file run00.txt (compact mmCIF, C-alpha atoms and all ligand atoms)
# COMPACT_ATOMS: atom_id res chain seq x y z
CA MET A 263 -31.77 -91.99 130.01
CA ARG A 264 -34.33 -94.48 131.25
CA THR A 265 -31.64 -96.83 132.64
CA GLY A 266 -30.00 -93.86 134.40
CA ALA A 267 -33.29 -92.94 136.09
CA ALA A 268 -33.97 -96.57 136.99
CA ARG A 269 -30.49 -96.92 138.45
CA ALA A 270 -30.93 -93.71 140.49
CA ALA A 271 -34.30 -94.95 141.78
CA GLY A 272 -32.73 -98.31 142.64
CA LEU A 273 -29.88 -96.63 144.52
CA ALA A 274 -32.32 -94.40 146.41
CA ALA A 275 -34.44 -97.42 147.38
CA ALA A 276 -31.31 -99.32 148.47
CA ALA A 277 -30.20 -96.32 150.55
CA ILE A 278 -33.59 -96.13 152.27
CA VAL A 279 -33.66 -99.87 152.97
CA THR A 280 -30.07 -99.88 154.29
CA THR A 281 -30.75 -96.89 156.52
CA SER A 282 -33.94 -98.46 157.85
CA CYS A 283 -32.15 -101.73 158.55
CA SER A 284 -29.45 -100.00 160.58
CA SER A 285 -32.52 -98.57 162.37
CA SER A 286 -31.09 -95.26 163.53
CA PHE A 287 -31.80 -93.16 160.41
CA GLY A 288 -28.49 -91.44 161.05
CA MET A 289 -29.58 -90.09 164.43
CA PRO A 290 -27.30 -90.13 167.46
CA ARG A 291 -28.53 -92.91 169.74
CA GLY A 292 -28.32 -91.02 173.02
CA SER A 293 -25.45 -91.71 175.40
CA THR A 294 -27.57 -91.84 178.55
CA GLU A 295 -30.49 -94.01 179.66
CA GLN A 296 -32.72 -90.93 179.43
CA GLY A 297 -31.41 -90.05 175.97
CA GLN A 298 -32.09 -93.57 174.72
CA GLU A 299 -35.73 -93.20 175.73
CA ILE A 300 -35.88 -90.13 173.49
CA PHE A 301 -34.05 -91.92 170.69
CA ASP A 302 -36.61 -94.74 170.79
CA LEU A 303 -39.44 -92.21 170.53
CA TRP A 304 -37.77 -90.48 167.57
CA GLN A 305 -37.48 -93.82 165.81
CA ILE A 306 -41.23 -94.32 166.13
CA PHE A 307 -41.93 -90.79 164.85
CA PHE A 308 -39.53 -91.25 161.96
CA SER A 309 -40.99 -94.63 160.98
CA ALA A 310 -44.52 -93.23 161.18
CA GLY A 311 -43.37 -90.33 158.97
CA ILE A 312 -41.92 -92.72 156.39
CA ALA A 313 -45.11 -94.78 156.31
CA VAL A 314 -47.32 -91.70 155.89
CA ALA A 315 -45.01 -90.26 153.21
CA ALA A 316 -45.02 -93.57 151.32
CA ILE A 317 -48.84 -93.63 151.27
CA VAL A 318 -49.21 -89.93 150.35
CA TYR A 319 -46.55 -89.89 147.63
CA GLY A 320 -47.73 -93.29 146.40
CA LEU A 321 -51.30 -92.01 145.97
CA ILE A 322 -50.08 -88.81 144.29
CA ALA A 323 -47.95 -90.80 141.84
CA TRP A 324 -50.79 -93.23 141.18
CA SER A 325 -53.25 -90.36 140.49
CA VAL A 326 -50.82 -88.55 138.23
CA ILE A 327 -50.11 -91.64 136.16
CA ARG A 328 -53.51 -93.32 136.20
CA TYR A 329 -55.55 -90.18 135.47
CA ARG A 330 -53.13 -88.30 133.22
CA ARG A 331 -54.53 -86.77 130.07
CA ARG A 332 -53.94 -89.10 127.18
CA ARG A 333 -53.24 -88.03 123.65
CA ARG A 334 -56.55 -89.24 122.37
CA THR A 335 -58.57 -87.48 125.07
CA PRO A 336 -60.63 -84.71 123.53
CA ASP A 337 -59.76 -81.23 124.82
CA ALA A 338 -63.11 -80.58 126.49
CA GLU A 339 -63.47 -83.97 128.14
CA LEU A 340 -63.19 -84.19 131.92
CA GLY A 341 -62.95 -87.30 134.03
CA ARG A 342 -65.94 -88.53 135.99
CA GLN A 343 -67.06 -85.70 138.29
CA PHE A 344 -68.61 -86.37 141.67
CA HIS A 345 -69.03 -84.58 144.97
CA ALA A 346 -68.28 -85.92 148.44
CA ASN A 347 -67.54 -89.44 149.56
CA VAL A 348 -68.51 -89.59 153.21
CA PRO A 349 -66.96 -92.95 154.19
CA LEU A 350 -63.66 -91.97 152.53
CA GLU A 351 -63.67 -88.57 154.25
CA ILE A 352 -64.33 -90.17 157.63
CA VAL A 353 -61.45 -92.61 157.11
CA TYR A 354 -58.93 -89.99 156.03
CA THR A 355 -59.90 -87.76 158.94
CA ALA A 356 -59.89 -90.54 161.51
CA ILE A 357 -56.53 -92.08 160.58
CA PRO A 358 -54.46 -88.90 161.14
CA VAL A 359 -56.34 -88.20 164.38
CA VAL A 360 -55.51 -91.70 165.64
CA ILE A 361 -51.86 -91.28 164.60
CA VAL A 362 -51.63 -87.96 166.46
CA ILE A 363 -53.26 -89.42 169.59
CA VAL A 364 -50.89 -92.40 169.62
CA LEU A 365 -47.78 -90.23 169.07
CA PHE A 366 -48.99 -87.79 171.73
CA ALA A 367 -49.50 -90.59 174.27
CA LEU A 368 -46.07 -92.08 173.48
CA SER A 369 -44.49 -88.62 173.85
CA ILE A 370 -46.02 -88.12 177.28
CA GLY A 371 -44.76 -91.53 178.42
CA THR A 372 -41.25 -90.82 177.12
CA GLU A 373 -41.21 -87.35 178.65
CA ASP A 374 -42.20 -88.81 182.02
CA ARG A 375 -39.46 -91.42 181.90
CA ALA A 376 -36.73 -89.12 180.52
CA SER A 377 -37.51 -86.35 183.02
CA SER A 378 -38.19 -88.49 186.08
CA VAL A 379 -35.72 -87.96 188.90
CA SER A 380 -34.58 -90.83 191.05
CA ARG A 381 -35.15 -90.58 194.80
CA ASP A 382 -31.62 -91.59 195.54
CA PRO A 383 -29.16 -90.29 192.91
CA ASP A 384 -25.54 -91.43 193.17
CA VAL A 385 -24.14 -87.98 192.47
CA ILE A 386 -25.58 -84.49 192.78
CA LEU A 387 -24.24 -81.85 190.43
CA ARG A 388 -25.33 -78.30 191.05
CA THR A 389 -25.03 -76.40 187.81
CA GLU A 390 -25.28 -72.66 187.62
CA ALA A 391 -25.23 -70.89 184.29
CA PHE A 392 -24.17 -67.27 184.08
CA SER A 393 -23.27 -64.79 181.37
CA TRP A 394 -21.15 -66.39 179.95
CA GLY A 395 -20.07 -69.56 181.57
CA TRP A 396 -20.84 -72.40 183.93
CA ARG A 397 -20.26 -73.17 187.57
CA PHE A 398 -20.43 -76.88 188.32
CA GLU A 399 -20.42 -77.99 191.92
CA PHE A 400 -20.27 -81.52 193.27
CA ALA A 401 -21.39 -80.23 196.64
CA ASP A 402 -21.11 -83.47 198.63
CA GLU A 403 -17.51 -83.93 197.52
CA GLY A 404 -16.50 -80.28 197.76
CA VAL A 405 -15.54 -79.96 194.11
CA GLU A 406 -16.21 -76.88 192.04
CA VAL A 407 -15.39 -76.34 188.37
CA VAL A 408 -15.92 -72.86 186.91
CA SER A 409 -15.54 -71.37 183.42
CA GLU A 410 -12.64 -69.07 182.66
CA PRO A 411 -13.78 -65.59 181.55
CA SER A 412 -15.33 -66.27 178.17
CA ALA A 413 -13.63 -65.26 174.93
CA GLU A 414 -12.97 -66.72 171.52
CA GLY A 415 -10.64 -69.70 171.76
CA VAL A 416 -10.96 -70.07 175.54
CA PRO A 417 -11.99 -73.68 176.17
CA GLY A 418 -14.98 -74.26 178.41
CA PRO A 419 -14.70 -76.13 181.70
CA GLU A 420 -14.53 -79.91 181.78
CA ILE A 421 -16.37 -82.11 184.23
CA LEU A 422 -16.39 -85.87 184.63
CA LEU A 423 -19.44 -88.06 185.14
CA PRO A 424 -19.49 -91.71 186.18
CA LEU A 425 -20.61 -94.38 183.71
CA GLY A 426 -23.77 -96.24 184.72
CA ARG A 427 -24.44 -94.10 187.77
CA THR A 428 -27.25 -91.62 188.10
CA THR A 429 -26.23 -88.00 188.41
CA ARG A 430 -28.88 -85.50 189.46
CA ILE A 431 -28.34 -82.15 187.79
CA GLU A 432 -29.78 -79.23 189.73
CA LEU A 433 -29.80 -76.47 187.18
CA THR A 434 -30.26 -72.77 187.64
CA SER A 435 -28.99 -69.44 186.37
CA ASN A 436 -27.79 -66.37 188.20
CA ASP A 437 -28.79 -63.78 185.58
CA VAL A 438 -30.72 -64.43 182.37
CA ILE A 439 -32.16 -67.63 180.92
CA HIS A 440 -29.56 -70.05 179.58
CA ALA A 441 -29.94 -73.70 178.66
CA PHE A 442 -27.91 -76.81 179.39
CA TRP A 443 -27.45 -78.99 176.34
CA VAL A 444 -25.18 -81.93 175.64
CA PRO A 445 -26.31 -82.91 172.13
CA ASP A 446 -25.22 -86.56 172.54
CA PHE A 447 -27.46 -86.90 175.60
CA LEU A 448 -30.47 -85.90 173.41
CA TYR A 449 -31.75 -83.84 176.31
CA LYS A 450 -31.84 -80.12 176.95
CA ARG A 451 -33.13 -78.07 179.85
CA ASP A 452 -33.46 -74.35 180.51
CA ALA A 453 -31.46 -72.69 183.30
CA ILE A 454 -33.84 -70.13 184.79
CA PRO A 455 -32.86 -67.50 187.35
CA GLY A 456 -34.64 -68.01 190.68
CA HIS A 457 -35.73 -71.53 189.79
CA VAL A 458 -34.03 -74.92 190.03
CA ASN A 459 -34.70 -77.46 187.28
CA GLU A 460 -33.82 -81.00 188.23
CA PHE A 461 -33.10 -83.89 185.92
CA ASP A 462 -31.09 -87.09 185.97
CA VAL A 463 -28.45 -88.33 183.58
CA THR A 464 -27.29 -91.93 183.65
CA PRO A 465 -24.49 -92.21 181.07
CA THR A 466 -24.31 -95.51 179.21
CA VAL A 467 -21.39 -94.85 176.85
CA LEU A 468 -17.84 -93.83 177.77
CA GLY A 469 -16.69 -90.75 175.87
CA THR A 470 -16.07 -87.05 175.72
CA TYR A 471 -19.14 -84.99 175.01
CA HIS A 472 -19.44 -81.40 173.94
CA GLY A 473 -21.91 -79.20 175.81
CA VAL A 474 -23.27 -75.77 174.99
CA CYS A 475 -25.65 -73.09 176.15
CA SER A 476 -28.62 -73.44 173.83
CA GLU A 477 -30.57 -70.33 174.76
CA PHE A 478 -29.29 -67.15 173.12
CA CYS A 479 -28.17 -65.12 176.11
CA GLY A 480 -26.00 -62.27 174.82
CA LEU A 481 -22.69 -61.34 173.30
CA HIS A 482 -20.59 -64.35 174.35
CA HIS A 483 -23.35 -66.96 174.06
CA ALA A 484 -21.35 -68.84 171.46
CA TYR A 485 -18.37 -69.22 173.81
CA MET A 486 -20.51 -70.71 176.57
CA THR A 487 -19.33 -74.26 176.07
CA PHE A 488 -18.30 -77.08 178.36
CA THR A 489 -17.13 -80.66 178.13
CA VAL A 490 -18.51 -83.72 179.86
CA ARG A 491 -16.22 -86.72 180.04
CA VAL A 492 -17.92 -89.98 180.97
CA VAL A 493 -15.48 -92.30 182.74
CA GLU A 494 -15.58 -95.47 184.82
CA PRO A 495 -16.87 -94.87 188.36
CA ASP A 496 -13.42 -95.55 189.87
CA ALA A 497 -11.80 -92.92 187.65
CA PHE A 498 -14.58 -90.52 188.54
CA ASP A 499 -14.06 -91.03 192.28
CA ALA A 500 -10.30 -90.57 191.84
CA TRP A 501 -10.84 -87.35 189.86
CA LEU A 502 -13.18 -86.01 192.54
CA SER A 503 -10.74 -86.63 195.37
CA ASP A 504 -7.78 -85.26 193.35
CA THR A 505 -9.69 -82.13 192.42
CA ALA A 506 -10.99 -81.65 195.98
CA ALA A 507 -7.43 -81.98 197.30
CA ASN A 508 -6.02 -79.56 194.72
CA THR A 509 -8.63 -76.89 195.36
CA GLY A 510 -8.46 -77.40 199.13
CA GLY A 511 -12.12 -78.48 199.12
CA ALA A 512 -14.49 -75.85 197.86
CA ALA A 513 -17.37 -76.84 200.13
CU CU A 601 -26.25 -68.76 177.72

call {"tool": "encode", "arguments": {"input": "run00.txt", "output": "structure tokens"}}
result
Amino acid sequence: MRTGAARAAGLAAAAIVTTSCSSSFGMPRGSTEQGQEIFDLWQIFFSAGIAVAAIVYGLIAWSVIRYRRRRRTPDAELGRQFHANVPLEIVYTAIPVVIVIVLFALSIGTEDRASSVSRDPDVILRTEAFSWGWRFEFADEGVEVVSEPSAEGVPGPEILLPLGRTTRIELTSNDVIHAFWVPDFLYKRDAIPGHVNEFDVTPTVLGTYHGVCSEFCGLHHAYMTFTVRVVEPDAFDAWLSDTAANTGGAA
């Protein structure tokens, strides 16, 4: 019984150490420069959480074992009783406050960097959400990609984005509030009617990414999907000119 428990504890410790060493704690790493900023912040939060948990659970375990009632302890006997320990109380109030201030400051820095928009983006993608689909427009190139009428099993539209280039997404909605979310980008933004939200994505990993509306917006919310395929810039340019030619130029 004891060896079983020891083995389980050993395995758990090994799992924690291995996970920590791979240093992503199982999180997606973010497939854009902006997403990687957020990933780095999450790592700090997660590590801080592990450190705090280790101290808290360690102290609980120590108290339970060190101050447990022993067999020989008389029924009425209590441990040493005392009231207040000002230095200790100051320390355990100050440490969490400092942790919160540091995490707050780091969050503001990350938010600034992840949400900052470049003055000179390589591509501008106007994105309009509607109930229940998406209209993507590469206005400068005259390319428009629109959802089919939404229904179960109808695939969402697919757009391409160039690897390593900065795409400015100008996001709005033409009816209710929706939200643009590509989980692998670790970044999500609301699409608000009458307002344009701007953010940049600079993809760093080639791949096909699933996108969804992440603001419940009505009956077909669940079908409001899209696909983003990150390709080499040359392939992106070729796709744009092919699509522009096939649609006769939507601009
Ligand atoms: Cu929606």

call {"tool": "atom_distance", "arguments": {"input": "run00.txt", "atom1": "atom CA of A:Glu477", "atom2": "atom CA of A:Leu368"}}
result
26.7 Å

call {"tool": "residues_near_ligand", "arguments": {"input": "run00.txt", "ligand": "ligand CU 601 (chain A)", "cutoff": "10 Å", "atoms": "all atoms listed in the file", "output": "PyMOL selection string"}}
result
chain A and resi 391-396+435+437-442+452-453+474-487

call {"tool": "atom_distance", "arguments": {"input": "run00.txt", "atom1": "atom CA of A:Trp501", "atom2": "atom CA of A:Leu423"}}
result
9.8 Å

call {"tool": "residues_around", "arguments": {"input": "run00.txt", "residues": "A:Phe307", "least_positions_apart": "6", "cutoff": "10 Å", "atoms": "only C-alpha atoms", "output": "list of chain:residue names"}}
result
A:Phe301, A:Ala313, A:Ile361, A:Leu365, A:Leu368, A:Ser369

call {"tool": "atom_distance", "arguments": {"input": "run00.txt", "atom1": "atom CA of A:Gly297", "atom2": "atom CA of A:Val463"}}
result
8.3 Å

call {"tool": "residues_around", "arguments": {"input": "run00.txt", "residues": "A:Pro417", "least_positions_apart": "5", "cutoff": "9 Å", "atoms": "all atoms listed in the file", "output": "MDAnalysis selection string"}}
result
chainID A and resid 409:410 412 485 487:489

call {"tool": "closest_residue", "arguments": {"input": "run00.txt", "among": "A:Glu406, A:Glu494, A:Glu390, A:Glu339", "to": "A:Ile454", "atoms": "all atoms listed in the file"}}
result
A:Glu390

call {"tool": "closest_residue", "arguments": {"input": "run00.txt", "among": "A:Val405, A:Val493, A:Ile363, A:Ile370", "to": "A:Arg427", "atoms": "only C-alpha atoms"}}
result
A:Val493

call {"tool": "axis_aligned_box", "arguments": {"input": "run00.txt", "around": "stretch 335-347 of chain A", "padding_each_side": "3 Å", "output": "lines of an AutoDock Vina configuration file"}}
result
center_x = -63.8
center_y = -85.0
center_z = 136.5
size_x = 16.5
size_y = 14.9
size_z = 32.0

call {"tool": "closest_residue", "arguments": {"input": "run00.txt", "among": "A:Glu420, A:Asp504, A:Asp499, A:Glu295", "to": "A:Thr470", "atoms": "all atoms listed in the file"}}
result
A:Glu420
